[in-house]
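Take a look at the structure set out below.
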Amino acid sequence: MDTPILFETDVLVAGGGAAGICAAIAAARNGAKTALVERWPILGGQSTLARVNMWHTSDGKREVIFGLTQEFVQRLERYDAVERLPDFPHTHETYEFHPDLLALVYEEMVRESNIRCLCSTPCVDVVRANRRIQAVIVGTKLGLRAIKANIFIDATGDGDIGAFAGCQTRTGRESDSRCQGMTLTAAFKGLNRSKRAEIEADHHDLLQKMRERAIKAELPAFGPHWFGGDFIW
């Protein structure tokens, strides 16, 4: 291997979003020496950096997702940073949370699990031998470095590690390769929190006008909109 080795570990998780964090914590709690590599400066992926701050833990009738997600909720409660939605559990959406404090909770739990965590560290390639991945190549301030492991978990979201390794990949649904539309979030500052009901009513009226214009092709097509999020904090 020509690339200098950064370190070796039992389990390497690529991708520090919610899935990667859960995978890394589970591996570490089961006794594996674990490392977590994330391309962005903080952990959490869409749930923190993109402020997609809602969890779906119900099947529409009862809560069905527990485990580490439940631990995250309990930790967020200590910071008064999570709210269970009033129609729980009769919709899939069950909790709203403060994304910045969730990032803190993620870091707390990763540290407590003694996981070696590298942020701002993109995975850019793999090293293979005999159809097995030997190492993942990451970009660092020192240049390209290799991380060796016995087990690699791809939680990059785009399946980067599998693609680098030459695995067969597929984009979108099988019929036409189309993907689900992206979630786009925005943050508004300076809103009067005591006037949430009036603001939500204005938001509803604005969306109705946008829908009417979209039907006339005066605006691009768009999907459902949700107003609220961390408005409560």
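In the structure tokens, each chain is lettered A, B, ... as it comes, each chain's residues begin at 1, and ligands are numbered from 1 in order of appearance.
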Would you please give, as JSON, numbers by chain, all residues of stretch 81-161 of chain A that DSSP assigns to alpha helix (DSSP H) based on the backbone? {"A": [99, 100, 101, 102, 103, 104, 105, 106, 107, 108, 109, 110, 111, 112, 160, 161]}
Each residue of stretch 152-206 of chain A lying at most 12 Å from stretch 39-46 of chain A should get a row with its shortest atom-to-atom pair and the distance in Å to one decimal, counting only C-alpha atoms; could you produce that, ordered by chain and increasing number, as CSV?
residue,atom,partner,partner_atom,distance
A:Ala155,CA,A:Gly45,CA,10.6
A:Thr156,CA,A:Arg39,CA,9.0
A:Gly157,CA,A:Gly45,CA,9.3
A:Asp160,CA,A:Arg39,CA,11.8
A:Met182,CA,A:Gln46,CA,10.8
A:Thr183,CA,A:Gln46,CA,9.2
A:Leu184,CA,A:Gln46,CA,10.2
A:Thr185,CA,A:Gln46,CA,10.1
Nearby residues (only C-alpha atoms) at most 9 Å from stretch 12-19 of chain A, same-chain spacing under 2 positions excluded, as number ranges by chain: A: 8-10, 21-24, 33-40, 42-48, 106, 117, 119, 122-123, 136, 147-157, 160-161
Based on the backbone DSSP call, show me all residues of stretch 63-165 of chain A assigned strand (DSSP E), as number ranges by chain. A: 82-84, 93-97, 116-118, 123-129, 132-140, 143-154
From atom CA of A:Gln208 to atom CA of A:Ala221 the spacing works out at 13.0 Å
For atom CA of A:Lys61 and atom CA of A:Val73, the interatomic separation in Å (one decimal): 19.5 Å
